[in-house]
Amino acid sequence: MSGVSVKGLRVAYGDSTLLDGVDLEIEPASFVAVLGPSGCGKTTLLLSIAGLTPVAAGTISIGGRQLSAAGSTVPPEKRGVGWVPQEASLFPHLSVADNVAFGLRRSGLSRRAGTATERDARVAELMRLVGLTGYGNRAPSQLSGGQAQRVALARALAPKPEVLLLDEPFAALDTQLRGSLRLEVAELLRAQRTTSILVTHDQEEALSLADRVAVMRDGRIIHSGTPAEVYDRPVSRWAASFVGDAVELTGRWHNGRVECALGSVEAEAMGFEPAEGASVVLVLRPEWIVLRPGWLAHAVESAEARVTGISYAGHDAMVSCALVDGSVIRVRLPPFEVPALGDQMRLAVRRPGLAYPTGLA
């Protein structure tokens, strides 16, 4: 087991800076997701750790061994790093078992291990781990998309890499298969105690799979923490809206509360100290808002609203509510609490919101 240390990493092509001062510490045997929009530098970070992209400044170390620095790069094949691509990219002329064994031949592990019997045993072990026992003689064309990704994972794990890099490996799969396969893969990697780095633009994927999430924007990591930390306490309005659904209301700051269309809402100022009466933006998660019939009395302050839209998802629903001032906010509810269109309701906030400066994303 080896940890990964990225310090002050800068990667540039000509005048374009792709990574700018990236710092990331990954504990041994942990599963970390790097989450960000397309073009933010996620894959460039992965390529740099793999040794496929030179760095302009900073360092990359695995297990305390420095692998990358400006003007000094250890070749990819000597890093002890495995790679699972977005597409399985299996060799069509090789059987499934030979695709898995290819990682052993390329790493030189087969020569160190010795016999073909030992190689075959390792391939059989990996096929069992990824749930494909009995598929060794099949051609890649005979596999489903999910099965092909399992083979790609087995191939990457074959030489027992110190670190496994996963470049959006579930993006090309259908929704149902993606949900089940990614959970299986995460459980497998944890059972193997493999240090793993997943890059993704899928917020649900990052939050549900990873031990820690690093949020990237414009070539920088702007927030790193547990899934709960990056969701419940995002460092900026942009992070709040990117990591999950966010309700934003402009209001005035008064003694730890925000006066807004929802009334007076307790809030925590995030990263700044607002002056009394200052304009701020209140950010809430839709599930932090309670919705009740308009006639129901509340012990807490609430605001009148009318249901204007319902987006039903089965396990929950997003309900759009128009407030008296005309602003519309969204509330996430369990299916058995979904009201009807046009119902008059009252809204209240169940926990403190987050206050951010206006004009800053």
# chains A, B, ... in the order shown; residues from 1 in each chain; ligands from 1

$ residues_around --residues "A:Val247" --least-positions-apart "6" --cutoff "12 Å" --atoms "only C-alpha atoms" --output "list in words"
Arg237, Ala240, Ser241, Ala261, Leu262, Val281, Leu282, Val283, Leu284, Arg285, Pro286, Glu287, Trp288, Ile289, Met318, Ser320, Cys321, Ser327, Val328, Ile329, Arg330, Val331, Arg332, Val349, Gly353, Leu354 and Ala355 of chain A

$ write_last_selection --atoms "C-alpha atoms" --output "PDB file, in the first residue's frame"
ATOM      1  CA  ARG A 237     -21.264  29.327  -4.201  1.00  0.00           C
ATOM      2  CA  ALA A 240     -22.256  24.465  -3.720  1.00  0.00           C
ATOM      3  CA  SER A 241     -24.049  24.546  -7.079  1.00  0.00           C
ATOM      4  CA  ALA A 261     -37.935  35.685   1.010  1.00  0.00           C
ATOM      5  CA  LEU A 262     -38.094  32.654   3.342  1.00  0.00           C
ATOM      6  CA  VAL A 281     -26.460  35.064  -0.793  1.00  0.00           C
ATOM      7  CA  LEU A 282     -28.115  32.357   1.293  1.00  0.00           C
ATOM      8  CA  VAL A 283     -27.491  28.819  -0.005  1.00  0.00           C
ATOM      9  CA  LEU A 284     -29.647  25.871   1.051  1.00  0.00           C
ATOM     10  CA  ARG A 285     -29.873  22.284  -0.104  1.00  0.00           C
ATOM     11  CA  PRO A 286     -33.407  21.401  -1.292  1.00  0.00           C
ATOM     12  CA  GLU A 287     -33.728  18.698   1.377  1.00  0.00           C
ATOM     13  CA  TRP A 288     -33.006  21.265   4.109  1.00  0.00           C
ATOM     14  CA  ILE A 289     -36.399  22.853   3.447  1.00  0.00           C
ATOM     15  CA  MET A 318     -38.180  17.868  -6.644  1.00  0.00           C
ATOM     16  CA  SER A 320     -40.948  23.842  -7.283  1.00  0.00           C
ATOM     17  CA  CYS A 321     -42.625  26.408  -5.025  1.00  0.00           C
ATOM     18  CA  SER A 327     -39.111  33.828  -6.498  1.00  0.00           C
ATOM     19  CA  VAL A 328     -39.206  30.062  -7.076  1.00  0.00           C
ATOM     20  CA  ILE A 329     -37.301  27.564  -4.949  1.00  0.00           C
ATOM     21  CA  ARG A 330     -37.007  23.799  -5.154  1.00  0.00           C
ATOM     22  CA  VAL A 331     -37.699  21.393  -2.296  1.00  0.00           C
ATOM     23  CA  ARG A 332     -36.675  17.722  -2.290  1.00  0.00           C
ATOM     24  CA  VAL A 349     -35.763  25.633   6.966  1.00  0.00           C
ATOM     25  CA  GLY A 353     -28.058  27.705   5.797  1.00  0.00           C
ATOM     26  CA  LEU A 354     -24.783  28.925   4.342  1.00  0.00           C
ATOM     27  CA  ALA A 355     -24.081  32.587   3.563  1.00  0.00           C
TER      28      ALA A 355
END

$ select_by_dssp --residues "stretch 69-223 of chain A" --states "strand (DSSP E or B)" --output "list in words"
Ala69, Ser72, Thr73, Val81, Gly82, Trp83, Val84, Val163, Leu164, Leu165, Leu166, Asp167, Thr195, Ser196, Ile197, Leu198, Val199, Thr200, Arg212, Val213, Ala214, Val215, Met216, Arg217, Arg220, Ile221, Ile222 and His223 of chain A

$ write_last_selection --atoms "N, CA, C and O atoms" --output "mmCIF file, in the first residue's frame"
data_model
loop_
_atom_site.group_PDB
_atom_site.id
_atom_site.type_symbol
_atom_site.label_atom_id
_atom_site.label_comp_id
_atom_site.auth_asym_id
_atom_site.auth_seq_id
_atom_site.Cartn_x
_atom_site.Cartn_y
_atom_site.Cartn_z
ATOM 1 N N ALA A 69 9.078 15.713 -11.270
ATOM 2 C CA ALA A 69 9.463 17.069 -10.919
ATOM 3 C C ALA A 69 9.837 17.746 -12.222
ATOM 4 O O ALA A 69 9.937 17.092 -13.269
ATOM 5 N N SER A 72 12.453 16.120 -14.541
ATOM 6 C CA SER A 72 12.778 14.779 -14.047
ATOM 7 C C SER A 72 11.503 13.957 -13.924
ATOM 8 O O SER A 72 10.618 14.284 -13.123
ATOM 9 N N THR A 73 11.411 12.884 -14.720
ATOM 10 C CA THR A 73 10.211 12.057 -14.716
ATOM 11 C C THR A 73 10.575 10.580 -14.787
ATOM 12 O O THR A 73 11.318 10.165 -15.684
ATOM 13 N N VAL A 81 1.934 1.977 -11.339
ATOM 14 C CA VAL A 81 0.608 2.591 -11.447
ATOM 15 C C VAL A 81 -0.223 1.831 -12.474
ATOM 16 O O VAL A 81 0.264 1.514 -13.563
ATOM 17 N N GLY A 82 -1.482 1.527 -12.131
ATOM 18 C CA GLY A 82 -2.411 0.905 -13.067
ATOM 19 C C GLY A 82 -3.391 1.931 -13.596
ATOM 20 O O GLY A 82 -3.649 2.953 -12.949
ATOM 21 N N TRP A 83 -3.963 1.653 -14.785
ATOM 22 C CA TRP A 83 -4.852 2.615 -15.444
ATOM 23 C C TRP A 83 -6.088 1.901 -15.957
ATOM 24 O O TRP A 83 -5.980 0.901 -16.674
ATOM 25 N N VAL A 84 -7.270 2.419 -15.612
ATOM 26 C CA VAL A 84 -8.530 1.924 -16.170
ATOM 27 C C VAL A 84 -9.135 3.067 -16.974
ATOM 28 O O VAL A 84 -9.544 4.084 -16.410
ATOM 29 N N VAL A 163 -0.809 2.070 -7.069
ATOM 30 C CA VAL A 163 -1.908 3.027 -7.188
ATOM 31 C C VAL A 163 -2.689 2.697 -8.452
ATOM 32 O O VAL A 163 -2.099 2.390 -9.495
ATOM 33 N N LEU A 164 -4.019 2.746 -8.359
ATOM 34 C CA LEU A 164 -4.874 2.521 -9.518
ATOM 35 C C LEU A 164 -5.555 3.829 -9.899
ATOM 36 O O LEU A 164 -6.172 4.491 -9.050
ATOM 37 N N LEU A 165 -5.457 4.199 -11.165
ATOM 38 C CA LEU A 165 -6.066 5.419 -11.689
ATOM 39 C C LEU A 165 -7.258 5.043 -12.560
ATOM 40 O O LEU A 165 -7.131 4.212 -13.470
ATOM 41 N N LEU A 166 -8.403 5.656 -12.298
ATOM 42 C CA LEU A 166 -9.628 5.345 -13.042
ATOM 43 C C LEU A 166 -10.131 6.618 -13.717
ATOM 44 O O LEU A 166 -10.528 7.573 -13.048
ATOM 45 N N ASP A 167 -10.102 6.612 -15.051
ATOM 46 C CA ASP A 167 -10.473 7.795 -15.831
ATOM 47 C C ASP A 167 -11.918 7.676 -16.316
ATOM 48 O O ASP A 167 -12.168 7.177 -17.414
ATOM 49 N N THR A 195 -4.873 1.651 -3.272
ATOM 50 C CA THR A 195 -4.980 3.109 -3.315
ATOM 51 C C THR A 195 -5.529 3.494 -4.685
ATOM 52 O O THR A 195 -4.935 3.163 -5.714
ATOM 53 N N SER A 196 -6.670 4.183 -4.723
ATOM 54 C CA SER A 196 -7.372 4.418 -5.986
ATOM 55 C C SER A 196 -7.742 5.886 -6.137
ATOM 56 O O SER A 196 -8.151 6.541 -5.178
ATOM 57 N N ILE A 197 -7.606 6.378 -7.383
ATOM 58 C CA ILE A 197 -7.982 7.746 -7.708
ATOM 59 C C ILE A 197 -8.930 7.699 -8.894
ATOM 60 O O ILE A 197 -8.568 7.235 -9.981
ATOM 61 N N LEU A 198 -10.146 8.158 -8.688
ATOM 62 C CA LEU A 198 -11.173 8.202 -9.726
ATOM 63 C C LEU A 198 -11.401 9.643 -10.146
ATOM 64 O O LEU A 198 -11.598 10.516 -9.293
ATOM 65 N N VAL A 199 -11.374 9.925 -11.452
ATOM 66 C CA VAL A 199 -11.776 11.245 -11.914
ATOM 67 C C VAL A 199 -13.163 11.133 -12.538
ATOM 68 O O VAL A 199 -13.468 10.172 -13.251
ATOM 69 N N THR A 200 -14.016 12.099 -12.235
ATOM 70 C CA THR A 200 -15.399 12.053 -12.692
ATOM 71 C C THR A 200 -16.000 13.454 -12.685
ATOM 72 O O THR A 200 -15.545 14.333 -11.952
ATOM 73 N N ARG A 212 -12.748 10.313 0.170
ATOM 74 C CA ARG A 212 -12.540 11.755 0.135
ATOM 75 C C ARG A 212 -12.772 12.242 -1.289
ATOM 76 O O ARG A 212 -12.545 11.506 -2.257
ATOM 77 N N VAL A 213 -13.215 13.494 -1.388
ATOM 78 C CA VAL A 213 -13.500 14.104 -2.686
ATOM 79 C C VAL A 213 -12.673 15.376 -2.822
ATOM 80 O O VAL A 213 -12.641 16.207 -1.912
ATOM 81 N N ALA A 214 -11.984 15.510 -3.971
ATOM 82 C CA ALA A 214 -11.245 16.727 -4.289
ATOM 83 C C ALA A 214 -11.976 17.420 -5.431
ATOM 84 O O ALA A 214 -12.118 16.848 -6.517
ATOM 85 N N VAL A 215 -12.460 18.633 -5.182
ATOM 86 C CA VAL A 215 -13.224 19.376 -6.185
ATOM 87 C C VAL A 215 -12.270 20.261 -6.974
ATOM 88 O O VAL A 215 -11.532 21.064 -6.400
ATOM 89 N N MET A 216 -12.294 20.109 -8.317
ATOM 90 C CA MET A 216 -11.405 20.878 -9.179
ATOM 91 C C MET A 216 -12.174 21.926 -9.968
ATOM 92 O O MET A 216 -13.315 21.704 -10.388
ATOM 93 N N ARG A 217 -11.495 23.055 -10.185
ATOM 94 C CA ARG A 217 -12.032 24.107 -11.049
ATOM 95 C C ARG A 217 -10.870 24.880 -11.662
ATOM 96 O O ARG A 217 -9.979 25.339 -10.945
ATOM 97 N N ARG A 220 -7.272 23.993 -10.640
ATOM 98 C CA ARG A 220 -6.930 24.038 -9.215
ATOM 99 C C ARG A 220 -7.883 23.159 -8.419
ATOM 100 O O ARG A 220 -9.042 22.994 -8.790
ATOM 101 N N ILE A 221 -7.401 22.622 -7.307
ATOM 102 C CA ILE A 221 -8.284 21.948 -6.355
ATOM 103 C C ILE A 221 -8.752 23.000 -5.357
ATOM 104 O O ILE A 221 -7.946 23.568 -4.618
ATOM 105 N N ILE A 222 -10.054 23.256 -5.360
ATOM 106 C CA ILE A 222 -10.583 24.332 -4.523
ATOM 107 C C ILE A 222 -11.124 23.830 -3.187
ATOM 108 O O ILE A 222 -11.338 24.619 -2.266
ATOM 109 N N HIS A 223 -11.377 22.523 -3.087
ATOM 110 C CA HIS A 223 -11.906 21.974 -1.839
ATOM 111 C C HIS A 223 -11.601 20.483 -1.799
ATOM 112 O O HIS A 223 -11.782 19.781 -2.794
#

$ atom_distance --atom1 "atom CA of A:Phe91" --atom2 "atom CA of A:Gly146"
16.0 Å

$ residues_around --residues "A:Val100" --least-positions-apart "4" --cutoff "9 Å" --atoms "only C-alpha atoms" --output "list of chain:residue names"
A:Ser95, A:Val96, A:Leu104, A:Val123, A:Leu126, A:Met127, A:Gly136, A:Val151, A:Ala152, A:Leu153, A:Ala154, A:Arg155, A:Ala156, A:Leu157, A:Ala158

$ write_last_selection --atoms "all heavy atoms" --output "JSON list (two decimals), in the first residue's frame"
[["chain", "number", "residue", "atom", "x", "y", "z"],
["A", 95, "SER", "N", -7.91, -13.22, -26.30],
["A", 95, "SER", "CA", -9.02, -13.68, -25.46],
["A", 95, "SER", "C", -9.10, -12.82, -24.21],
["A", 95, "SER", "O", -8.20, -12.03, -23.92],
["A", 95, "SER", "CB", -8.80, -15.14, -25.06],
["A", 95, "SER", "OG", -7.69, -15.25, -24.18],
["A", 96, "VAL", "N", -10.18, -13.00, -23.47],
["A", 96, "VAL", "CA", -10.34, -12.27, -22.21],
["A", 96, "VAL", "C", -9.18, -12.57, -21.27],
["A", 96, "VAL", "O", -8.58, -11.66, -20.67],
["A", 96, "VAL", "CB", -11.69, -12.62, -21.55],
["A", 96, "VAL", "CG1", -11.74, -12.12, -20.11],
["A", 96, "VAL", "CG2", -12.84, -12.03, -22.35],
["A", 104, "LEU", "N", 0.52, -8.47, -16.92],
["A", 104, "LEU", "CA", 1.64, -9.19, -16.31],
["A", 104, "LEU", "C", 2.86, -9.18, -17.21],
["A", 104, "LEU", "O", 3.98, -8.96, -16.76],
["A", 104, "LEU", "CB", 1.22, -10.63, -16.01],
["A", 104, "LEU", "CG", 0.12, -10.81, -14.97],
["A", 104, "LEU", "CD1", -0.30, -12.27, -14.91],
["A", 104, "LEU", "CD2", 0.61, -10.34, -13.60],
["A", 123, "VAL", "N", -4.26, -14.89, -13.21],
["A", 123, "VAL", "CA", -5.37, -14.52, -14.10],
["A", 123, "VAL", "C", -6.68, -15.09, -13.56],
["A", 123, "VAL", "O", -7.71, -14.40, -13.52],
["A", 123, "VAL", "CB", -5.10, -15.00, -15.53],
["A", 123, "VAL", "CG1", -6.36, -14.81, -16.40],
["A", 123, "VAL", "CG2", -3.94, -14.24, -16.14],
["A", 126, "LEU", "N", -7.91, -13.08, -10.64],
["A", 126, "LEU", "CA", -8.49, -11.79, -11.03],
["A", 126, "LEU", "C", -9.86, -11.96, -11.69],
["A", 126, "LEU", "O", -10.77, -11.17, -11.45],
["A", 126, "LEU", "CB", -7.53, -11.08, -11.99],
["A", 126, "LEU", "CG", -6.26, -10.54, -11.34],
["A", 126, "LEU", "CD1", -5.19, -10.27, -12.38],
["A", 126, "LEU", "CD2", -6.57, -9.28, -10.54],
["A", 127, "MET", "N", -10.01, -12.99, -12.49],
["A", 127, "MET", "CA", -11.31, -13.26, -13.12],
["A", 127, "MET", "C", -12.37, -13.53, -12.06],
["A", 127, "MET", "O", -13.52, -13.12, -12.20],
["A", 127, "MET", "CB", -11.18, -14.44, -14.09],
["A", 127, "MET", "CG", -10.24, -14.19, -15.27],
["A", 127, "MET", "SD", -10.88, -12.96, -16.42],
["A", 127, "MET", "CE", -12.13, -13.90, -17.24],
["A", 136, "GLY", "N", -12.77, -16.70, -19.58],
["A", 136, "GLY", "CA", -11.41, -16.51, -20.05],
["A", 136, "GLY", "C", -11.21, -16.76, -21.52],
["A", 136, "GLY", "O", -10.39, -16.09, -22.16],
["A", 151, "VAL", "N", -13.06, -6.56, -17.25],
["A", 151, "VAL", "CA", -11.80, -7.10, -17.77],
["A", 151, "VAL", "C", -10.71, -6.03, -17.73],
["A", 151, "VAL", "O", -9.57, -6.31, -17.37],
["A", 151, "VAL", "CB", -12.00, -7.64, -19.20],
["A", 151, "VAL", "CG1", -10.66, -8.10, -19.78],
["A", 151, "VAL", "CG2", -13.00, -8.79, -19.22],
["A", 152, "ALA", "N", -11.06, -4.80, -18.11],
["A", 152, "ALA", "CA", -10.09, -3.71, -18.07],
["A", 152, "ALA", "C", -9.59, -3.49, -16.64],
["A", 152, "ALA", "O", -8.40, -3.22, -16.41],
["A", 152, "ALA", "CB", -10.72, -2.43, -18.61],
["A", 153, "LEU", "N", -10.49, -3.62, -15.67],
["A", 153, "LEU", "CA", -10.10, -3.49, -14.27],
["A", 153, "LEU", "C", -9.16, -4.61, -13.86],
["A", 153, "LEU", "O", -8.13, -4.38, -13.21],
["A", 153, "LEU", "CB", -11.35, -3.48, -13.38],
["A", 153, "LEU", "CG", -11.11, -3.47, -11.87],
["A", 153, "LEU", "CD1", -10.40, -2.19, -11.45],
["A", 153, "LEU", "CD2", -12.43, -3.62, -11.12],
["A", 154, "ALA", "N", -9.50, -5.85, -14.26],
["A", 154, "ALA", "CA", -8.64, -6.99, -13.92],
["A", 154, "ALA", "C", -7.26, -6.83, -14.55],
["A", 154, "ALA", "O", -6.24, -7.14, -13.92],
["A", 154, "ALA", "CB", -9.31, -8.28, -14.40],
["A", 155, "ARG", "N", -7.23, -6.36, -15.79],
["A", 155, "ARG", "CA", -5.94, -6.15, -16.46],
["A", 155, "ARG", "C", -5.09, -5.12, -15.72],
["A", 155, "ARG", "O", -3.88, -5.30, -15.56],
["A", 155, "ARG", "CB", -6.18, -5.69, -17.90],
["A", 155, "ARG", "CG", -4.91, -5.47, -18.71],
["A", 155, "ARG", "CD", -5.22, -5.10, -20.14],
["A", 155, "ARG", "NE", -5.98, -3.87, -20.22],
["A", 155, "ARG", "CZ", -6.52, -3.39, -21.36],
["A", 155, "ARG", "NH1", -6.38, -4.09, -22.48],
["A", 155, "ARG", "NH2", -7.20, -2.26, -21.36],
["A", 156, "ALA", "N", -5.73, -4.06, -15.25],
["A", 156, "ALA", "CA", -4.99, -3.02, -14.53],
["A", 156, "ALA", "C", -4.50, -3.52, -13.17],
["A", 156, "ALA", "O", -3.43, -3.11, -12.70],
["A", 156, "ALA", "CB", -5.87, -1.79, -14.33],
["A", 157, "LEU", "N", -5.26, -4.42, -12.54],
["A", 157, "LEU", "CA", -4.88, -4.94, -11.22],
["A", 157, "LEU", "C", -3.87, -6.09, -11.31],
["A", 157, "LEU", "O", -3.26, -6.45, -10.29],
["A", 157, "LEU", "CB", -6.13, -5.43, -10.48],
["A", 157, "LEU", "CG", -7.09, -4.36, -9.99],
["A", 157, "LEU", "CD1", -8.36, -5.02, -9.43],
["A", 157, "LEU", "CD2", -6.45, -3.50, -8.91],
["A", 158, "ALA", "N", -3.69, -6.65, -12.50],
["A", 158, "ALA", "CA", -2.87, -7.85, -12.64],
["A", 158, "ALA", "C", -1.47, -7.72, -12.05],
["A", 158, "ALA", "O", -1.03, -8.59, -11.30],
["A", 158, "ALA", "CB", -2.80, -8.26, -14.11]]

$ select_by_dssp --residues "stretch 67-303 of chain A" --states "alpha helix (DSSP H)" --output "VMD selection string"
chain A and resid 96 to 107 109 to 113 116 to 129 145 to 157 175 to 192 203 to 209 227 to 232 237 to 243
